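Here the structure comes first, spelled out in structure tokens, and everything after it is commentary.
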2 protein chains.
Amino acid sequence: MWLPIRIDEQRPEPLYHQIEVQLRGLILGGQLQEGTMLPSIRELAVGLKCSAITIRRVYQDLENEGLIRTRQGTGTFVAGVETSVRDEHRLERASEELERALEAGLQLHCTFDELEGLFRDLIRRKKDSKEGSS
Amino acid sequence: MWLPIRIDEQRPEPLYHQIEVQLRGLILGGQLQEGTMLPSIRELAVGLKCSAITIRRVYQDLENEGLIRTRQGTGTFVAGVETSVRDEHRLERASEELERALEAGLQLHCTFDELEGLFRDLIRRKKDSKEGSS
DNA sequence: TATAGTGTGTATAACAATATACACACATGA
DNA sequence: TCATGTGTGTATATTGTTATACACACTATA
């Protein structure tokens, strides 16, 4: 099993948090359905080039949130999530990220129009590259 | 001397980095002119409710980047920066932040249009609150 | 029951943040 | 001119967090 998770060593944010955010997104975004068996902590650790302990922490945290269930000796599985919870999470998280970027831009003395233009350009470029690759 | 820097204890990102990013932005953004004396490490530490050592690290890192100059027993001062460097930094950093947010949104299965709409709404709301407070 | 897969617990190293004590520069006044 | 007080940056030791390696326990299956 492979998961579309990417970590950035350059970011000062701790590894476990980067992984948590993305895995949480995959579950709440609906890409991983209830009952799906996740990769073993070792397997994912190799894939992400980090230690198994770090993955263990991620799984433990997400289990405490009720998003996954882990059974010793067997594996780790995606738990069931209410649809309403999923939708709410999706928009809320996206807004949070955008707002953070907006704040950063304003602090850099960019104008509202500059930022809106920059964002539109980024989206256009991303759209094109996506179509080109598919 | 007061600096418009705010730190967020909730973020997993280390304190010194949050402060560095913002202070670097103030210098490269042109809000702090060459020769300006920055607050003492103690003063800024009190203002940001963190330790003086953390501020020391920030000043030290920025000095290694050549953005500030520190003289023992005297204080810490803003160094000169080329205008071209400033402008480049400004747009580059803003784009980086926006792209990060865009990536996060896409990973949450938002559509391009959804994200563009969300961002426009955020900007409108921000504009309104800014006008209201000024 | 042997074995190979899984998650779990303990000990260790590196890093972040802090408190505390120290060294230097400069203004002030004898 | 020199002592000294108050500001500045600097160095060391301590605590908590993050990431790791290694040994252990549980589960499934041949």
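Chain labels run A, B, ... following the order of the structure tokens; each chain numbers its residues from 1, and ligands are numbered from 1 in the order shown.
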
Within 12 Å of chain D, which residues of chain B come that close, and what is the closest atom pair and distance in Å for each? Count only C-alpha atoms (C1' of nucleotides) and give it as CSV.
residue,atom,partner,partner_atom,distance
B:Pro12,CA,D:DT17,C1',10.7
B:Glu13,CA,D:DT18,C1',12.0
B:Pro14,CA,D:DT17,C1',10.8
B:Met37,CA,D:DT8,C1',11.9
B:Leu38,CA,D:DT8,C1',11.7
B:Pro39,CA,D:DT8,C1',10.5
B:Ser40,CA,D:DT8,C1',7.3
B:Ile41,CA,D:DG9,C1',8.2
B:Arg42,CA,D:DT8,C1',9.5
B:Glu43,CA,D:DT8,C1',11.1
B:Ala52,CA,D:DG9,C1',10.6
B:Ile53,CA,D:DT10,C1',9.9
B:Ile55,CA,D:DG9,C1',11.2
B:Arg56,CA,D:DG9,C1',8.4
B:Arg57,CA,D:DT10,C1',11.4
B:Tyr59,CA,D:DG9,C1',10.4
B:Gln60,CA,D:DG9,C1',10.5
B:Arg69,CA,D:DG9,C1',11.7
B:Thr70,CA,D:DG9,C1',8.0
B:Arg71,CA,D:DG9,C1',7.2
B:Gln72,CA,D:DG9,C1',4.5
B:Gly73,CA,D:DT8,C1',3.7
B:Thr74,CA,D:DT8,C1',4.9
B:Gly75,CA,D:DT8,C1',5.6
B:Thr76,CA,D:DG9,C1',8.8

Tell me the residues of chain A close to chain B, meaning within 7 Å using only C-alpha atoms, as an mmCIF file with N, CA and C atoms, in the first residue's frame.
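Final output, saved to iface-v3.cif:
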data_model
loop_
_atom_site.group_PDB
_atom_site.id
_atom_site.type_symbol
_atom_site.label_atom_id
_atom_site.label_comp_id
_atom_site.auth_asym_id
_atom_site.auth_seq_id
_atom_site.Cartn_x
_atom_site.Cartn_y
_atom_site.Cartn_z
ATOM 1 N N PRO A 12 10.757 23.665 9.085
ATOM 2 C CA PRO A 12 11.146 23.550 10.493
ATOM 3 C C PRO A 12 10.095 22.792 11.302
ATOM 4 N N GLU A 13 8.932 22.652 10.715
ATOM 5 C CA GLU A 13 7.833 21.904 11.337
ATOM 6 C C GLU A 13 8.238 20.447 11.527
ATOM 7 N N PRO A 14 7.930 19.866 12.712
ATOM 8 C CA PRO A 14 8.379 18.486 12.954
ATOM 9 C C PRO A 14 7.784 17.476 11.977
ATOM 10 N N GLY A 25 -5.769 14.287 6.416
ATOM 11 C CA GLY A 25 -6.442 14.792 5.222
ATOM 12 C C GLY A 25 -6.930 13.669 4.324
ATOM 13 N N GLY A 29 -10.664 13.358 3.921
ATOM 14 C CA GLY A 29 -10.992 13.716 2.550
ATOM 15 C C GLY A 29 -11.685 12.585 1.808
ATOM 16 N N ARG A 90 -12.794 19.443 5.582
ATOM 17 C CA ARG A 90 -12.193 19.771 4.298
ATOM 18 C C ARG A 90 -12.127 21.294 4.096
ATOM 19 N N ALA A 94 -8.828 23.936 4.466
ATOM 20 C CA ALA A 94 -8.414 24.694 3.284
ATOM 21 C C ALA A 94 -8.423 26.185 3.602
ATOM 22 N N SER A 95 -9.457 26.646 4.284
ATOM 23 C CA SER A 95 -9.537 28.063 4.640
ATOM 24 C C SER A 95 -8.386 28.466 5.538
ATOM 25 N N GLU A 97 -5.403 27.230 5.717
ATOM 26 C CA GLU A 97 -4.153 27.328 4.964
ATOM 27 C C GLU A 97 -4.117 28.597 4.135
ATOM 28 N N LEU A 98 -5.227 28.892 3.475
ATOM 29 C CA LEU A 98 -5.279 30.086 2.637
ATOM 30 C C LEU A 98 -5.105 31.339 3.484
ATOM 31 N N GLU A 99 -5.735 31.341 4.647
ATOM 32 C CA GLU A 99 -5.654 32.521 5.494
ATOM 33 C C GLU A 99 -4.225 32.737 5.976
ATOM 34 N N ALA A 101 -1.550 31.942 4.386
ATOM 35 C CA ALA A 101 -0.799 32.497 3.263
ATOM 36 C C ALA A 101 -1.140 33.969 3.069
ATOM 37 N N ALA A 104 0.616 36.064 5.619
ATOM 38 C CA ALA A 104 2.041 36.167 5.293
ATOM 39 C C ALA A 104 2.250 37.184 4.179
ATOM 40 N N GLY A 105 1.400 37.133 3.182
ATOM 41 C CA GLY A 105 1.528 38.063 2.068
ATOM 42 C C GLY A 105 1.345 39.501 2.502
ATOM 43 N N LEU A 108 4.208 40.928 4.153
ATOM 44 C CA LEU A 108 5.288 41.226 3.208
ATOM 45 C C LEU A 108 4.966 42.471 2.394
ATOM 46 N N HIS A 109 3.885 43.160 2.794
ATOM 47 C CA HIS A 109 3.516 44.406 2.120
ATOM 48 C C HIS A 109 3.024 44.196 0.703
ATOM 49 N N PHE A 112 -3.721 43.523 -1.709
ATOM 50 C CA PHE A 112 -4.742 42.487 -1.900
ATOM 51 C C PHE A 112 -4.765 42.048 -3.360
ATOM 52 N N LEU A 118 -1.444 36.806 -7.923
ATOM 53 C CA LEU A 118 -0.459 35.740 -7.747
ATOM 54 C C LEU A 118 -1.150 34.382 -7.632
ATOM 55 N N PHE A 119 -2.208 34.360 -6.834
ATOM 56 C CA PHE A 119 -2.894 33.094 -6.589
ATOM 57 C C PHE A 119 -3.539 32.580 -7.876
ATOM 58 N N LEU A 122 -0.893 31.103 -10.012
ATOM 59 C CA LEU A 122 -0.465 29.800 -9.511
ATOM 60 C C LEU A 122 -1.453 28.720 -9.929
ATOM 61 N N ILE A 123 -2.741 29.033 -9.788
ATOM 62 C CA ILE A 123 -3.773 28.056 -10.124
ATOM 63 C C ILE A 123 -3.719 27.727 -11.614
#

Atom pair CA of Gly80 in chain A / CA of Leu3 in chain A: separation (Å)
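Between CA of Gly80 in chain A and CA of Leu3 in chain A the gap works out to 18.4 Å.
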
Please determine the contact residues of chain C with respect to chain A at a cut-off of 12 Å, counting only C-alpha atoms (C1' of nucleotides), and supply them as JSON, numbers by chain.
{"C": [4, 5, 6, 7, 8, 9, 15, 16]}

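Coordinates place CA of Glu92 in chain A at a distance of 20.7 Å from CA of Asp128 in chain B.
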
Could you go through range 44-101 of chain A and tell me which residues DSSP, when run on the backbone, assigns to strand (DSSP E), listing them as a PyMOL selection string?
chain A and resi 68-71+75-78

Atoms kept (all heavy atoms) for selection, written as a PDB file, in the first residue's frame:
ATOM      1  N   ILE A  68      -8.299   6.246  13.279  1.00  0.00           N
ATOM      2  CA  ILE A  68      -7.830   4.921  12.873  1.00  0.00           C
ATOM      3  C   ILE A  68      -7.889   3.985  14.081  1.00  0.00           C
ATOM      4  O   ILE A  68      -8.045   4.431  15.228  1.00  0.00           O
ATOM      5  CB  ILE A  68      -6.378   4.971  12.324  1.00  0.00           C
ATOM      6  CG1 ILE A  68      -5.400   5.409  13.404  1.00  0.00           C
ATOM      7  CG2 ILE A  68      -6.291   5.927  11.146  1.00  0.00           C
ATOM      8  CD1 ILE A  68      -3.984   5.550  12.893  1.00  0.00           C
ATOM      9  N   ARG A  69      -7.797   2.682  13.783  1.00  0.00           N
ATOM     10  CA  ARG A  69      -7.782   1.710  14.864  1.00  0.00           C
ATOM     11  C   ARG A  69      -6.598   0.796  14.652  1.00  0.00           C
ATOM     12  O   ARG A  69      -6.369   0.328  13.542  1.00  0.00           O
ATOM     13  CB  ARG A  69      -9.080   0.894  14.876  1.00  0.00           C
ATOM     14  CG  ARG A  69      -9.969   1.248  16.049  1.00  0.00           C
ATOM     15  CD  ARG A  69     -11.260   0.448  16.027  1.00  0.00           C
ATOM     16  NE  ARG A  69     -11.089  -0.978  15.731  1.00  0.00           N
ATOM     17  CZ  ARG A  69     -12.112  -1.781  15.435  1.00  0.00           C
ATOM     18  NH1 ARG A  69     -13.343  -1.289  15.384  1.00  0.00           N
ATOM     19  NH2 ARG A  69     -11.902  -3.061  15.190  1.00  0.00           N
ATOM     20  N   THR A  70      -5.849   0.550  15.710  1.00  0.00           N
ATOM     21  CA  THR A  70      -4.673  -0.286  15.555  1.00  0.00           C
ATOM     22  C   THR A  70      -4.830  -1.559  16.390  1.00  0.00           C
ATOM     23  O   THR A  70      -5.307  -1.514  17.526  1.00  0.00           O
ATOM     24  CB  THR A  70      -3.399   0.497  15.963  1.00  0.00           C
ATOM     25  OG1 THR A  70      -2.373  -0.406  16.250  1.00  0.00           O
ATOM     26  CG2 THR A  70      -3.658   1.347  17.188  1.00  0.00           C
ATOM     27  N   ARG A  71      -4.492  -2.681  15.779  1.00  0.00           N
ATOM     28  CA  ARG A  71      -4.554  -3.952  16.501  1.00  0.00           C
ATOM     29  C   ARG A  71      -3.179  -4.583  16.491  1.00  0.00           C
ATOM     30  O   ARG A  71      -2.620  -4.877  15.418  1.00  0.00           O
ATOM     31  CB  ARG A  71      -5.576  -4.886  15.835  1.00  0.00           C
ATOM     32  CG  ARG A  71      -7.003  -4.470  16.159  1.00  0.00           C
ATOM     33  CD  ARG A  71      -7.985  -5.478  15.597  1.00  0.00           C
ATOM     34  NE  ARG A  71      -7.861  -5.623  14.138  1.00  0.00           N
ATOM     35  CZ  ARG A  71      -8.770  -6.248  13.389  1.00  0.00           C
ATOM     36  NH1 ARG A  71      -9.848  -6.772  13.958  1.00  0.00           N
ATOM     37  NH2 ARG A  71      -8.612  -6.345  12.087  1.00  0.00           N
ATOM     38  N   GLY A  75      -2.266  -5.010  12.401  1.00  0.00           N
ATOM     39  CA  GLY A  75      -2.088  -3.850  11.519  1.00  0.00           C
ATOM     40  C   GLY A  75      -2.909  -2.666  11.981  1.00  0.00           C
ATOM     41  O   GLY A  75      -3.502  -2.685  13.053  1.00  0.00           O
ATOM     42  N   THR A  76      -2.938  -1.646  11.156  1.00  0.00           N
ATOM     43  CA  THR A  76      -3.637  -0.412  11.483  1.00  0.00           C
ATOM     44  C   THR A  76      -4.689  -0.139  10.408  1.00  0.00           C
ATOM     45  O   THR A  76      -4.400  -0.270   9.217  1.00  0.00           O
ATOM     46  CB  THR A  76      -2.632   0.748  11.554  1.00  0.00           C
ATOM     47  OG1 THR A  76      -1.595   0.411  12.474  1.00  0.00           O
ATOM     48  CG2 THR A  76      -3.311   2.026  12.001  1.00  0.00           C
ATOM     49  N   PHE A  77      -5.886   0.214  10.837  1.00  0.00           N
ATOM     50  CA  PHE A  77      -7.013   0.323   9.913  1.00  0.00           C
ATOM     51  C   PHE A  77      -7.735   1.654  10.048  1.00  0.00           C
ATOM     52  O   PHE A  77      -7.804   2.240  11.143  1.00  0.00           O
ATOM     53  CB  PHE A  77      -8.003  -0.822  10.177  1.00  0.00           C
ATOM     54  CG  PHE A  77      -7.387  -2.181  10.084  1.00  0.00           C
ATOM     55  CD1 PHE A  77      -6.738  -2.734  11.180  1.00  0.00           C
ATOM     56  CD2 PHE A  77      -7.437  -2.889   8.897  1.00  0.00           C
ATOM     57  CE1 PHE A  77      -6.153  -3.988  11.101  1.00  0.00           C
ATOM     58  CE2 PHE A  77      -6.850  -4.144   8.806  1.00  0.00           C
ATOM     59  CZ  PHE A  77      -6.206  -4.697   9.903  1.00  0.00           C
ATOM     60  N   VAL A  78      -8.288   2.106   8.947  1.00  0.00           N
ATOM     61  CA  VAL A  78      -9.047   3.351   8.938  1.00  0.00           C
ATOM     62  C   VAL A  78     -10.386   3.126   9.632  1.00  0.00           C
ATOM     63  O   VAL A  78     -11.082   2.147   9.353  1.00  0.00           O
ATOM     64  CB  VAL A  78      -9.291   3.825   7.493  1.00  0.00           C
ATOM     65  CG1 VAL A  78     -10.144   5.083   7.479  1.00  0.00           C
ATOM     66  CG2 VAL A  78      -7.959   4.068   6.793  1.00  0.00           C
TER      67      VAL A  78
END

Quick one: DSSP alpha helix (DSSP H) residues in chain B, as a PyMOL selection string?
chain B and resi 15-28+41-48+52-64+83-107+112-133
